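To start, the structure under review is shown below, and the notes come after it.
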Amino acid sequence: MATLDVINPATAETIDSVPNMTAAEVDEVVETAKQALPEWLDATPGERAALLLALADVIEQNAEELAQIESRNVGKPLMASRDEMPFCADNLRFFAGAARNLEGKSAGEYIKGYTSMIRREPIGIVAGICPWNYPLMMAIWKLGPAIAAGNVQILKPSEQTPMSLLRFMELAKDVIPKGVLQVVTGDGVPTGERLVSHPDIGLVSLTGDIATGKLIARNASETLKRVHLELGGKAPMVVFDDADPAQVAEGIKIAGFWNSGQDCTAGSRIIAGPKIYDALLEALVPAIEGIKMGDPADGDDIEMGPVITKDQQDRILGFLDRAKGATVLTGGGTNGGKGWFVKPTIVTDVSQDDEIVQNEVFGPVITVQRFADDNQAIEWANGVRYGLAASVWTRDVGRALNAARKLQFGTVWVNDHLVPISSELPHGGYKSSGYGKDMSIYSMEEYTQIKHVAMKIG
């Protein structure tokens, strides 16, 4: 069997290898899912909930091991990977509750002579294609609603970062009924491509980039399967003049540089008012220069690790090289080591139509623009093809509510960014950031289909 090397991005060293599965091998996995489906369709909500609760226990009991694996494979600081584990367990427990508490239209006589009822039923076999930046957490976001709704699921982790999900599956093997939850590994082609084209898979959920999302949507149309897409973002942080510069600077430190900026909701565009602009930069530059970057294995005090691959490092630095006329206030290069690091970078003197403003860099790079008035701030914030997340920073409640109403993004935070997420609240975008929701009861709509049953009375 062909294999793929798995690399530690902080050291550029190979840490493991995984199978590069063929289309035929994916077909075998789908066949196992087909055989498991009839019995799982008869599982009660309580039985589905019990499985999710058991999976949550697996994460909780092995949180440190899973965090260590993810830190090494992704290159994220241990403080970050450790933070994800309780949230993953909570997400599974939320969907365990959701499995037993689906609500809908009440049965009744909406047509004379007939009693109608609405059934919410599982799709059947569903696939989830996970990204490399949050490999275990994004898998949890997909498997929670899928299993709660009564589906069987096949997950494909990124070929760069499969290790935490594979270890989770190994730890959970005794609690997962055969065929109900499986993992395939390999490249996008042929492994992922076969999931998308297989006629027996009824839905594909992707977290990835726009180009991949478009390709999956096109290929999925051949079998008319459902597609759920979360395709990244270019999140603005709109900072009005009455905000506290020091508070905003600390917010940007997290929003723009958590996980080396490799986050689809990262605050990558700072749009600041004319009076706060200079004071914000004065507070921001030392805050960002104070970020401790290095190999996460060097200690718990590391705040930022490498980016995921050499190609990604080159891509990020390419944005900076092409940003003619822009000013790099700090950062802008590598650490000179053997890993794939990019220094935390602040770029100013950019125009709204510049590539670095319009396109997702997906790295530790933020741009700062000075707006003239509130209308221009909202226009610039909305003036990209993405619409996943945004934030507004102000002490004026009316101004915040007005901005939140006008911003074309699936999530808008006020006086914070990136941190406040919860299993109960939906995550998903507008425009080219995709469609459909992760987390919350709304995500159950992605993994179910509606049936109307009409019974003639008498």
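Every chain in the structure tokens has a letter given in the order shown (A, B, ...), and although residue numbers restart at 1 in each chain, ligands are simply numbered from 1 in the order shown.
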*Exercise: A:Trp258 partners within 12 Å, only C-alpha atoms, chain neighbours under 3 positions left out, as a PyMOL selection string*: chain A and resi 75-81+83+133-134+250-255+261-268+288+291-293+302-307+344+362-365+417-419
Contact check, stretch 138-164 of chain A to stretch 53-64 of chain A, at most 12 Å, counting only C-alpha atoms, closest pairs as a Markdown table:
| residue | atom | partner | partner_atom | distance |
| --- | --- | --- | --- | --- |
| A:Ile140 | CA | A:Ala56 | CA | 9.7 |
| A:Leu143 | CA | A:Leu55 | CA | 10.4 |
| A:Gly144 | CA | A:Leu55 | CA | 9.7 |
| A:Ile147 | CA | A:Leu55 | CA | 11.1 |
| A:Ala148 | CA | A:Leu53 | CA | 10.7 |
| A:Ser164 | CA | A:Ala63 | CA | 10.5 |
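If you look at atom CA of A:Pro19 and atom CA of A:Phe168, they are 16.8 Å away from each other.
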*Name the residues of stretch 78-308 of chain A that come out as alpha helix (DSSP H) in a backbone DSSP run; write them as an MDAnalysis selection string.*
chainID A and resid 78:99 135:148 163:171 193:197 210:220 245:257 277:289
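Between atom CA of A:Ala149 and atom CA of A:Thr32 there is a distance of 19.2 Å.
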*When distances are computed from only C-alpha atoms, which of A:Ser71, A:Ser351, A:Leu425, A:Ile271 shows the smallest separation from A:Ala390?*
A:Ile271
*Would you kindly return, as an NGL selection string, each protein, DNA or RNA residue with an atom no farther than 7 Å from any atom of stretch 381-384 of chain A, considering only C-alpha atoms and excluding same-chain residues fewer than 6 positions away?*
:A and (236 or 358 or 407-408)
*Using only C-alpha atoms, pick whichever of A:Glu70, A:Asp314, A:Asp16, A:Asp349 has the shortest atom-to-atom distance to A:Thr327.*
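Distance minimum relative to A:Thr327 lands on A:Asp349.
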_All strand (DSSP E or B) positions in stretch 308-376 of chain A, as number ranges by chain_ = A: 327-330, 345-348, 365-370
*asked:* So that I can see what lies close to stretch 329-334 of chain A, please list as a ChimeraX atom specification the residues with an atom at most 12 Å from it, counting only C-alpha atoms and leaving out residues fewer than 5 positions away in the same chain.
replied: /A:281-282,284-291,293-294,305-307,310,313-314,316-321,323,339-349,363-368
*Taking into account only C-alpha atoms, which residue in the set A:Val152, A:Val196, A:Val184, A:Ala23 is nearest to A:Glu39?*
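With only C-alpha atoms as the atom set, the closest residue is A:Val152.
Distance-wise, atom CA of A:Val238 and atom CA of A:Arg395 end up 12.5 Å apart.
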*Would you list the contacts of A:Arg120 as a list in words, taking every protein, DNA or RNA residue within 12 Å and counting only C-alpha atoms, but skipping same-chain residues closer than 4 positions in sequence?*
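With the cut-off at 12 Å, the set is Ala99, Asn101, Leu102, Glu103, Gly104, Lys105, Ala148, Ala149, Gly150, Met444, Glu445, Glu446, Tyr447, Thr448, Gln449, Ile450, Lys451, His452 and Val453 of chain A.
Shortest atom-to-atom contact with A:Glu360 among A:Lys178, A:Lys324, A:Arg269, A:Lys112: A:Arg269, counting only C-alpha atoms.
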*asked:* Show me, as a ChimeraX atom specification, the residues that have an atom within 10 Å of A:Asn415 when counting only C-alpha atoms, minus same-chain residues fewer than 4 positions from it.
replied: /A:237-239,243-244,247-248,251,391-395,400
N, CA and C atoms of the current selection, written as an mmCIF file, in the first residue's frame:
data_model
loop_
_atom_site.group_PDB
_atom_site.id
_atom_site.type_symbol
_atom_site.label_atom_id
_atom_site.label_comp_id
_atom_site.auth_asym_id
_atom_site.auth_seq_id
_atom_site.Cartn_x
_atom_site.Cartn_y
_atom_site.Cartn_z
ATOM 1 N N MET A 237 -11.843 43.484 11.505
ATOM 2 C CA MET A 237 -12.052 43.970 12.863
ATOM 3 C C MET A 237 -12.235 45.483 12.747
ATOM 4 N N VAL A 238 -13.472 45.944 12.871
ATOM 5 C CA VAL A 238 -13.800 47.358 12.692
ATOM 6 C C VAL A 238 -13.650 48.055 14.039
ATOM 7 N N VAL A 239 -12.688 48.959 14.120
ATOM 8 C CA VAL A 239 -12.334 49.597 15.382
ATOM 9 C C VAL A 239 -12.745 51.069 15.306
ATOM 10 N N ALA A 243 -13.106 53.188 20.969
ATOM 11 C CA ALA A 243 -12.611 51.945 21.557
ATOM 12 C C ALA A 243 -11.326 52.200 22.345
ATOM 13 N N ASP A 244 -10.966 51.251 23.200
ATOM 14 C CA ASP A 244 -9.748 51.336 24.001
ATOM 15 C C ASP A 244 -8.598 50.716 23.205
ATOM 16 N N GLN A 247 -6.956 47.576 24.760
ATOM 17 C CA GLN A 247 -7.846 46.411 24.730
ATOM 18 C C GLN A 247 -7.918 45.817 23.331
ATOM 19 N N VAL A 248 -8.018 46.680 22.336
ATOM 20 C CA VAL A 248 -8.094 46.202 20.956
ATOM 21 C C VAL A 248 -6.786 45.520 20.558
ATOM 22 N N GLY A 251 -6.767 42.167 21.821
ATOM 23 C CA GLY A 251 -7.706 41.366 21.037
ATOM 24 C C GLY A 251 -7.121 40.932 19.707
ATOM 25 N N SER A 391 -15.728 41.484 13.517
ATOM 26 C CA SER A 391 -15.929 42.034 14.854
ATOM 27 C C SER A 391 -16.009 43.546 14.798
ATOM 28 N N VAL A 392 -16.654 44.109 15.823
ATOM 29 C CA VAL A 392 -16.836 45.553 15.964
ATOM 30 C C VAL A 392 -16.345 45.941 17.351
ATOM 31 N N TRP A 393 -15.572 47.009 17.414
ATOM 32 C CA TRP A 393 -15.007 47.456 18.681
ATOM 33 C C TRP A 393 -15.460 48.895 18.945
ATOM 34 N N THR A 394 -16.303 49.073 19.958
ATOM 35 C CA THR A 394 -16.849 50.381 20.290
ATOM 36 C C THR A 394 -17.511 50.317 21.662
ATOM 37 N N ARG A 395 -17.624 51.477 22.321
ATOM 38 C CA ARG A 395 -18.372 51.564 23.580
ATOM 39 C C ARG A 395 -19.806 52.014 23.349
ATOM 40 N N ALA A 400 -22.661 49.778 17.644
ATOM 41 C CA ALA A 400 -22.354 48.354 17.523
ATOM 42 C C ALA A 400 -23.507 47.597 16.872
#
_Using only C-alpha atoms, can you tell me which of A:Ile154, A:Ile270, A:Val227, A:Leu280 comes closest to A:Asp27?_
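Smallest distance to A:Asp27 is found for A:Ile154.
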